[in-house]
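Asker: What follows is the file my_file.cif, containing mmCIF, C-alpha atoms (C1' of nucleotides); chains and numbers go by the auth columns:
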```cif
data_final
loop_
_atom_site.group_PDB
_atom_site.id
_atom_site.type_symbol
_atom_site.label_atom_id
_atom_site.label_comp_id
_atom_site.label_asym_id
_atom_site.label_seq_id
_atom_site.Cartn_x
_atom_site.Cartn_y
_atom_site.Cartn_z
_atom_site.B_iso_or_equiv
_atom_site.auth_seq_id
_atom_site.auth_asym_id
ATOM 1 C CA MET A 1 12.887 -8.967 -12.866 0.00 14 A
ATOM 2 C CA ASN A 2 11.574 -7.584 -9.595 0.00 15 A
ATOM 3 C CA TYR A 3 8.940 -8.912 -7.242 0.00 16 A
ATOM 4 C CA TRP A 4 6.476 -6.745 -5.340 0.00 17 A
ATOM 5 C CA LEU A 5 3.551 -7.054 -3.023 0.00 18 A
ATOM 6 C CA ILE A 6 0.691 -4.639 -3.599 0.00 19 A
ATOM 7 C CA LYS A 7 -2.194 -4.049 -1.215 0.00 20 A
ATOM 8 C CA SER A 8 -5.750 -3.451 -2.215 0.00 21 A
ATOM 9 C CA GLU A 9 -8.933 -3.305 -0.236 0.00 22 A
ATOM 10 C CA PRO A 10 -11.100 -5.995 -1.809 0.00 23 A
ATOM 11 C CA HIS A 11 -14.312 -4.053 -1.262 0.00 24 A
ATOM 12 C CA VAL A 12 -12.791 -1.330 -3.454 0.00 25 A
ATOM 13 C CA PHE A 13 -10.964 -3.458 -6.011 0.00 26 A
ATOM 14 C CA SER A 14 -10.423 -7.162 -5.411 0.00 27 A
ATOM 15 C CA PHE A 15 -8.273 -9.619 -7.317 0.00 28 A
ATOM 16 C CA ASP A 16 -11.483 -11.003 -8.840 0.00 29 A
ATOM 17 C CA ASP A 17 -12.303 -7.494 -10.050 0.00 30 A
ATOM 18 C CA LEU A 18 -8.933 -7.363 -11.759 0.00 31 A
ATOM 19 C CA LEU A 19 -9.509 -10.786 -13.340 0.00 32 A
ATOM 20 C CA ALA A 20 -12.849 -9.524 -14.640 0.00 33 A
ATOM 21 C CA ALA A 21 -11.405 -6.334 -16.136 0.00 34 A
ATOM 22 C CA PRO A 22 -10.874 -6.061 -19.908 0.00 35 A
ATOM 23 C CA ASP A 23 -7.674 -7.947 -20.779 0.00 36 A
ATOM 24 C CA GLN A 24 -7.476 -8.593 -17.002 0.00 37 A
ATOM 25 C CA THR A 25 -5.747 -5.230 -16.844 0.00 38 A
ATOM 26 C CA SER A 26 -6.487 -2.047 -14.920 0.00 39 A
ATOM 27 C CA PRO A 27 -4.730 1.167 -13.934 0.00 40 A
ATOM 28 C CA TRP A 28 -3.797 0.963 -10.273 0.00 41 A
ATOM 29 C CA GLU A 29 -5.228 4.252 -9.118 0.00 42 A
ATOM 30 C CA GLY A 30 -5.060 6.222 -5.961 0.00 43 A
ATOM 31 C CA ILE A 31 -1.625 5.643 -4.477 0.00 44 A
ATOM 32 C CA ARG A 32 -1.013 8.707 -2.322 0.00 45 A
ATOM 33 C CA ASN A 33 2.137 7.796 -0.486 0.00 46 A
ATOM 34 C CA TYR A 34 5.527 9.028 -1.601 0.00 47 A
ATOM 35 C CA GLN A 35 7.467 5.876 -0.864 0.00 48 A
ATOM 36 C CA ALA A 36 4.989 3.765 -2.793 0.00 49 A
ATOM 37 C CA ARG A 37 4.964 6.285 -5.622 0.00 50 A
ATOM 38 C CA ASN A 38 8.736 6.269 -5.827 0.00 51 A
ATOM 39 C CA PHE A 39 8.756 2.495 -6.092 0.00 52 A
ATOM 40 C CA MET A 40 6.431 2.723 -9.084 0.00 53 A
ATOM 41 C CA ARG A 41 8.250 5.628 -10.665 0.00 54 A
ATOM 42 C CA ASP A 42 11.834 4.540 -10.100 0.00 55 A
ATOM 43 C CA SER A 43 11.951 0.790 -9.686 0.00 56 A
ATOM 44 C CA MET A 44 8.936 -0.949 -11.178 0.00 57 A
ATOM 45 C CA LYS A 45 9.348 -2.291 -14.663 0.00 58 A
ATOM 46 C CA LYS A 46 6.848 -3.678 -17.101 0.00 59 A
ATOM 47 C CA GLY A 47 6.803 -7.426 -16.574 0.00 60 A
ATOM 48 C CA ASP A 48 7.645 -7.311 -12.866 0.00 61 A
ATOM 49 C CA THR A 49 5.701 -9.844 -10.819 0.00 62 A
ATOM 50 C CA LEU A 50 3.150 -8.803 -8.200 0.00 63 A
ATOM 51 C CA LEU A 51 1.600 -10.552 -5.247 0.00 64 A
ATOM 52 C CA TYR A 52 -1.908 -9.158 -4.861 0.00 65 A
ATOM 53 C CA TYR A 53 -2.774 -8.683 -1.203 0.00 66 A
ATOM 54 C CA HIS A 54 -6.191 -7.992 0.297 0.00 67 A
ATOM 55 C CA SER A 55 -6.101 -5.579 3.233 0.00 68 A
ATOM 56 C CA SER A 56 -8.762 -4.123 5.537 0.00 69 A
ATOM 57 C CA THR A 57 -10.954 -7.161 5.214 0.00 70 A
ATOM 58 C CA GLN A 58 -12.078 -9.983 7.485 0.00 71 A
ATOM 59 C CA VAL A 59 -9.258 -12.303 6.480 0.00 72 A
ATOM 60 C CA PRO A 60 -6.397 -10.286 5.044 0.00 73 A
ATOM 61 C CA GLY A 61 -4.048 -12.248 2.795 0.00 74 A
ATOM 62 C CA ILE A 62 -2.580 -12.899 -0.616 0.00 75 A
ATOM 63 C CA ALA A 63 -5.107 -13.692 -3.341 0.00 76 A
ATOM 64 C CA GLY A 64 -3.265 -13.920 -6.616 0.00 77 A
ATOM 65 C CA ILE A 65 -0.421 -13.131 -8.930 0.00 78 A
ATOM 66 C CA ALA A 66 -0.354 -10.176 -11.285 0.00 79 A
ATOM 67 C CA GLU A 67 2.212 -8.364 -13.354 0.00 80 A
ATOM 68 C CA VAL A 68 3.153 -4.792 -14.116 0.00 81 A
ATOM 69 C CA ALA A 69 1.642 -4.011 -17.506 0.00 82 A
ATOM 70 C CA SER A 70 2.976 -0.505 -18.154 0.00 83 A
ATOM 71 C CA LYS A 71 5.613 1.873 -16.979 0.00 84 A
ATOM 72 C CA ALA A 72 4.620 4.587 -14.544 0.00 85 A
ATOM 73 C CA TYR A 73 2.526 7.456 -15.885 0.00 86 A
ATOM 74 C CA PRO A 74 0.519 10.290 -14.280 0.00 87 A
ATOM 75 C CA ASP A 75 -2.478 9.108 -12.264 0.00 88 A
ATOM 76 C CA PRO A 76 -5.405 10.957 -13.890 0.00 89 A
ATOM 77 C CA THR A 77 -7.518 10.845 -10.730 0.00 90 A
ATOM 78 C CA GLN A 78 -5.274 13.466 -9.089 0.00 91 A
ATOM 79 C CA PHE A 79 -6.670 16.067 -11.550 0.00 92 A
ATOM 80 C CA ASN A 80 -10.308 15.013 -11.239 0.00 93 A
ATOM 81 C CA GLU A 81 -12.249 17.030 -8.690 0.00 94 A
ATOM 82 C CA GLN A 82 -14.964 14.400 -8.681 0.00 95 A
ATOM 83 C CA SER A 83 -12.539 11.662 -7.702 0.00 96 A
ATOM 84 C CA PRO A 84 -11.897 10.686 -4.099 0.00 97 A
ATOM 85 C CA TYR A 85 -8.232 10.707 -5.089 0.00 98 A
ATOM 86 C CA PHE A 86 -8.320 14.338 -6.242 0.00 99 A
ATOM 87 C CA ASP A 87 -5.263 16.296 -5.113 0.00 100 A
ATOM 88 C CA PRO A 88 -5.703 20.089 -5.234 0.00 101 A
ATOM 89 C CA LYS A 89 -1.949 20.561 -5.152 0.00 102 A
ATOM 90 C CA ALA A 90 -1.401 18.562 -8.319 0.00 103 A
ATOM 91 C CA SER A 91 -1.607 20.004 -11.813 0.00 104 A
ATOM 92 C CA GLN A 92 -0.660 18.998 -15.346 0.00 105 A
ATOM 93 C CA HIS A 93 2.539 20.954 -14.871 0.00 106 A
ATOM 94 C CA ASN A 94 3.111 19.646 -11.388 0.00 107 A
ATOM 95 C CA VAL A 95 2.332 15.958 -11.481 0.00 108 A
ATOM 96 C CA ARG A 96 2.416 14.554 -8.002 0.00 109 A
ATOM 97 C CA TRP A 97 1.177 10.992 -8.402 0.00 110 A
ATOM 98 C CA VAL A 98 1.834 8.242 -10.875 0.00 111 A
ATOM 99 C CA LEU A 99 0.409 4.798 -11.415 0.00 112 A
ATOM 100 C CA VAL A 100 1.145 1.660 -13.385 0.00 113 A
ATOM 101 C CA ASP A 101 -1.262 -0.650 -15.157 0.00 114 A
ATOM 102 C CA ILE A 102 -1.492 -4.084 -13.598 0.00 115 A
ATOM 103 C CA LYS A 103 -2.618 -7.318 -15.188 0.00 116 A
ATOM 104 C CA ALA A 104 -3.954 -10.348 -13.339 0.00 117 A
ATOM 105 C CA LEU A 105 -2.098 -13.559 -14.187 0.00 118 A
ATOM 106 C CA ARG A 106 -3.723 -16.192 -12.022 0.00 119 A
ATOM 107 C CA LYS A 107 -5.246 -16.873 -8.674 0.00 120 A
ATOM 108 C CA LEU A 108 -3.172 -18.717 -6.145 0.00 121 A
ATOM 109 C CA GLU A 109 -4.169 -22.366 -5.674 0.00 122 A
ATOM 110 C CA ARG A 110 -5.603 -21.203 -2.378 0.00 123 A
ATOM 111 C CA TYR A 111 -5.926 -17.910 -0.547 0.00 124 A
ATOM 112 C CA LEU A 112 -3.018 -17.340 1.840 0.00 125 A
ATOM 113 C CA PRO A 113 -4.208 -15.624 5.027 0.00 126 A
ATOM 114 C CA LEU A 114 -1.911 -13.195 6.774 0.00 127 A
ATOM 115 C CA ALA A 115 -2.115 -15.296 9.935 0.00 128 A
ATOM 116 C CA GLU A 116 -0.654 -18.267 8.066 0.00 129 A
ATOM 117 C CA LEU A 117 2.149 -16.178 6.574 0.00 130 A
ATOM 118 C CA LYS A 118 3.065 -15.031 10.061 0.00 131 A
ATOM 119 C CA LYS A 119 3.646 -18.630 11.124 0.00 132 A
ATOM 120 C CA GLN A 120 6.280 -19.237 8.445 0.00 133 A
ATOM 121 C CA SER A 121 9.752 -18.837 9.864 0.00 134 A
ATOM 122 C CA THR A 122 11.095 -18.523 6.315 0.00 135 A
ATOM 123 C CA LEU A 123 9.119 -15.308 5.965 0.00 136 A
ATOM 124 C CA ALA A 124 10.125 -13.815 9.313 0.00 137 A
ATOM 125 C CA ASP A 125 11.976 -10.951 7.634 0.00 138 A
ATOM 126 C CA MET A 126 9.335 -10.242 5.023 0.00 139 A
ATOM 127 C CA ARG A 127 8.477 -6.567 4.895 0.00 140 A
ATOM 128 C CA LEU A 128 4.751 -7.225 4.987 0.00 141 A
ATOM 129 C CA LEU A 129 5.077 -8.899 8.350 0.00 142 A
ATOM 130 C CA GLN A 130 7.115 -6.212 10.071 0.00 143 A
ATOM 131 C CA LYS A 131 5.428 -4.245 12.812 0.00 144 A
ATOM 132 C CA GLY A 132 3.879 -0.958 11.809 0.00 145 A
ATOM 133 C CA ASN A 133 4.215 -1.599 8.118 0.00 146 A
ATOM 134 C CA ARG A 134 1.708 0.470 6.177 0.00 147 A
ATOM 135 C CA LEU A 135 3.215 0.614 2.723 0.00 148 A
ATOM 136 C CA SER A 136 0.837 -0.275 -0.069 0.00 149 A
ATOM 137 C CA ILE A 137 3.674 -1.312 -2.374 0.00 150 A
ATOM 138 C CA MET A 138 6.709 -3.121 -1.116 0.00 151 A
ATOM 139 C CA PRO A 139 9.518 -5.167 -2.577 0.00 152 A
ATOM 140 C CA VAL A 140 9.489 -8.923 -2.136 0.00 153 A
ATOM 141 C CA THR A 141 12.638 -11.005 -2.484 0.00 154 A
ATOM 142 C CA LYS A 142 12.776 -13.891 -4.923 0.00 155 A
ATOM 143 C CA PRO A 143 13.159 -16.472 -2.138 0.00 156 A
ATOM 144 C CA GLU A 144 10.104 -15.011 -0.390 0.00 157 A
ATOM 145 C CA TYR A 145 8.154 -15.051 -3.624 0.00 158 A
ATOM 146 C CA ASP A 146 9.127 -18.633 -4.450 0.00 159 A
ATOM 147 C CA PHE A 147 8.250 -19.769 -0.950 0.00 160 A
ATOM 148 C CA ILE A 148 4.812 -18.143 -1.106 0.00 161 A
ATOM 149 C CA VAL A 149 3.993 -19.673 -4.476 0.00 162 A
ATOM 150 C CA LYS A 150 5.027 -23.063 -3.166 0.00 163 A
ATOM 151 C CA LEU A 151 3.073 -22.590 0.060 0.00 164 A
ATOM 152 C CA ALA A 152 -0.114 -21.953 -1.917 0.00 165 A
ATOM 153 C CA LYS A 153 0.266 -25.356 -3.573 0.00 166 A
ATOM 154 C CA LYS A 154 0.266 -27.139 -0.245 0.00 167 A
ATOM 155 C CA PRO A 155 -2.992 -27.796 1.569 0.00 168 A
ATOM 156 C CA ALA A 156 -3.607 -25.541 4.539 0.00 169 A
ATOM 157 C CA SER A 157 -2.137 -27.012 7.697 0.00 170 A
ATOM 158 C CA SER A 158 -4.308 -26.881 10.741 0.00 171 A
ATOM 159 C "C1'" DG B 1 14.427 22.505 10.107 0.00 8 B
ATOM 160 C "C1'" DC B 2 11.934 21.175 14.411 0.00 9 B
ATOM 161 C "C1'" DC B 3 8.092 19.104 16.236 0.00 10 B
ATOM 162 C "C1'" DA B 4 3.221 19.058 17.858 0.00 11 B
ATOM 163 C "C1'" DA B 5 -1.047 18.184 16.008 0.00 12 B
ATOM 164 C "C1'" DC B 6 -3.566 15.841 13.042 0.00 13 B
ATOM 165 C "C1'" DG B 7 -4.766 12.254 9.502 0.00 14 B
ATOM 166 C "C1'" DT B 8 -4.407 7.561 7.662 0.00 15 B
ATOM 167 C "C1'" DT B 9 -3.605 2.682 7.561 0.00 16 B
ATOM 168 C "C1'" DG B 10 -4.889 -1.661 8.720 0.00 17 B
ATOM 169 C "C1'" DG B 11 -4.991 -5.609 12.020 0.00 18 B
ATOM 170 C "C1'" DC B 12 -7.722 -7.075 15.536 0.00 19 B
ATOM 171 C "C1'" DG C 1 -14.731 0.742 16.751 0.00 1 C
ATOM 172 C "C1'" DC C 2 -10.152 0.801 18.901 0.00 2 C
ATOM 173 C "C1'" DC C 3 -5.640 2.018 18.699 0.00 3 C
ATOM 174 C "C1'" DA C 4 -0.612 1.556 17.470 0.00 4 C
ATOM 175 C "C1'" DA C 5 2.349 3.052 14.137 0.00 5 C
ATOM 176 C "C1'" DC C 6 3.574 5.962 10.867 0.00 6 C
ATOM 177 C "C1'" DG C 7 3.132 9.952 7.441 0.00 7 C
ATOM 178 C "C1'" DT C 8 2.015 14.795 6.527 0.00 8 C
ATOM 179 C "C1'" DT C 9 1.225 19.506 7.576 0.00 9 C
ATOM 180 C "C1'" DG C 10 2.202 23.936 9.047 0.00 10 C
ATOM 181 C "C1'" DG C 11 3.497 27.353 12.676 0.00 11 C
ATOM 182 C "C1'" DC C 12 7.436 29.059 14.502 0.00 12 C
#
```
Would you mind writing the file out in structure tokens?

Answerer:
Amino acid sequence: MNYWLIKSEPHVFSFDDLLAAPDQTSPWEGIRNYQARNFMRDSMKKGDTLLYYHSSTQVPGIAGIAEVASKAYPDPTQFNEQSPYFDPKASQHNVRWVLVDIKALRKLERYLPLAELKKQSTLADMRLLQKGNRLSIMPVTKPEYDFIVKLAKKPASS
DNA sequence: GCCAACGTTGGC
DNA sequence: GCCAACGTTGGC
């Protein structure tokens, strides 16, 4: 069982949107970064646990817990000229991008802002918090995951 | 295969 | 909107 953090811009697709989707499941479209793609293609397994992170928003942070609901398969938006994720260099015979389905499990007891995560010495080595990190999918260690779940159960400290 | 130019991400 | 950091592209 692996743990991952995935980033989404909430104005595009928030954790609440995922909760509201049929069966709380949705294809996770539009990943156009090779490192992130390779994680999905090579390392993600159905049933892996996901921390759902909101980026590019007023208060970035972790909103909820989801799981991988399928293995990787071709992202159909790469073939769709109408899609913002269209990739002219991709074709049915030359699949460039894959995706996995994700399923919302539950919201965290409270939203965990990035600023609060940064204050946790336990998380000092977390990939999310490293300078210049731009990956939209990144591995999370089990200790990091456990700590974050526990942190969400505590009231926010001022 | 180098690397400059350009594009994107994402916090602030 | 700014800008640092990083990724991608393409000429050579």

Asker: Applied to the shown file, which residues does the PyMOL selection byres ((chain A) within 10 of (chain C)) return, written as a list in words?

Answerer: Asn46, Tyr47, Lys144, Gly145, Asn146, Arg147 and Leu148 of chain A

Asker: Write the residues you've just listed into a file as a PDB file, in the coordinates of the input, and include C-alpha atoms for each of them.

Answerer:
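Produced file out.pdb, reproduced below:
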```
ATOM      1  CA  ASN A  46       2.137   7.796  -0.486  1.00  0.00           C
ATOM      2  CA  TYR A  47       5.527   9.028  -1.601  1.00  0.00           C
ATOM      3  CA  LYS A 144       5.428  -4.245  12.812  1.00  0.00           C
ATOM      4  CA  GLY A 145       3.879  -0.958  11.809  1.00  0.00           C
ATOM      5  CA  ASN A 146       4.215  -1.599   8.118  1.00  0.00           C
ATOM      6  CA  ARG A 147       1.708   0.470   6.177  1.00  0.00           C
ATOM      7  CA  LEU A 148       3.215   0.614   2.723  1.00  0.00           C
TER       8      LEU A 148
END
```

Asker: Output the residue selection produced by the PyMOL selection byres ((chain A and resi 112-120) around 7) on the file above, formatted as a PDB file with C-alpha atoms, in the coordinates of the input.

Answerer:
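Output contents, as saved in result_8.pdb:
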```
ATOM      1  CA  LEU A  31      -8.933  -7.363 -11.759  1.00  0.00           C
ATOM      2  CA  LEU A  32      -9.509 -10.786 -13.340  1.00  0.00           C
ATOM      3  CA  GLN A  37      -7.476  -8.593 -17.002  1.00  0.00           C
ATOM      4  CA  THR A  38      -5.747  -5.230 -16.844  1.00  0.00           C
ATOM      5  CA  SER A  39      -6.487  -2.047 -14.920  1.00  0.00           C
ATOM      6  CA  PRO A  40      -4.730   1.167 -13.934  1.00  0.00           C
ATOM      7  CA  TRP A  41      -3.797   0.963 -10.273  1.00  0.00           C
ATOM      8  CA  GLU A  42      -5.228   4.252  -9.118  1.00  0.00           C
ATOM      9  CA  MET A  53       6.431   2.723  -9.084  1.00  0.00           C
ATOM     10  CA  ALA A  76      -5.107 -13.692  -3.341  1.00  0.00           C
ATOM     11  CA  GLY A  77      -3.265 -13.920  -6.616  1.00  0.00           C
ATOM     12  CA  ILE A  78      -0.421 -13.131  -8.930  1.00  0.00           C
ATOM     13  CA  ALA A  79      -0.354 -10.176 -11.285  1.00  0.00           C
ATOM     14  CA  GLU A  80       2.212  -8.364 -13.354  1.00  0.00           C
ATOM     15  CA  VAL A  81       3.153  -4.792 -14.116  1.00  0.00           C
ATOM     16  CA  ALA A  82       1.642  -4.011 -17.506  1.00  0.00           C
ATOM     17  CA  SER A  83       2.976  -0.505 -18.154  1.00  0.00           C
ATOM     18  CA  LYS A  84       5.613   1.873 -16.979  1.00  0.00           C
ATOM     19  CA  ALA A  85       4.620   4.587 -14.544  1.00  0.00           C
ATOM     20  CA  TYR A  86       2.526   7.456 -15.885  1.00  0.00           C
ATOM     21  CA  PRO A  87       0.519  10.290 -14.280  1.00  0.00           C
ATOM     22  CA  ASP A  88      -2.478   9.108 -12.264  1.00  0.00           C
ATOM     23  CA  TRP A 110       1.177  10.992  -8.402  1.00  0.00           C
ATOM     24  CA  VAL A 111       1.834   8.242 -10.875  1.00  0.00           C
ATOM     25  CA  LEU A 121      -3.172 -18.717  -6.145  1.00  0.00           C
ATOM     26  CA  GLU A 122      -4.169 -22.366  -5.674  1.00  0.00           C
TER      27      GLU A 122
END
```

Asker: Need the axis-aligned box for range 132-141 of chain A with 6 Å each side, so what are the centre and edges in Å to one decimal, as AutoDock Vina command-line options?

Answerer:
```
--center_x 7.8 --center_y -12.9 --center_z 8.0 --size_x 20.3 --size_y 24.7 --size_z 18.2
```

Asker: Given the file shown, enumerate the residues that the PyMOL selection byres ((chain A and resi 160-162) around 9) captures and present them as a list in words.

Answerer: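 That selection, the PyMOL selection byres ((chain A and resi 160-162) around 9), comes back as Leu121, Glu122, Leu125, Leu130, Thr135, Leu136, Lys155, Pro156, Glu157, Tyr158, Asp159, Lys163, Leu164, Ala165 and Lys166 of chain A.
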
Asker: Hey, can you check how far CA of Gln71 in chain A sits from CA of Pro35 in chain A?

Answerer: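 Taking CA of Gln71 in chain A and CA of Pro35 in chain A, their separation equals 27.7 Å.
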
Asker: Distance CA of Asp61 in chain A-CA of Met14 in chain A, one decimal place?

Answerer: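 One can read the CA of Asp61 in chain A to CA of Met14 in chain A distance as 5.5 Å.
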
Asker: So how far away is CA of Leu142 in chain A from CA of Glu129 in chain A, in Å?

Answerer: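 Pair CA of Glu129 in chain A / CA of Leu142 in chain A returns 11.0 Å.
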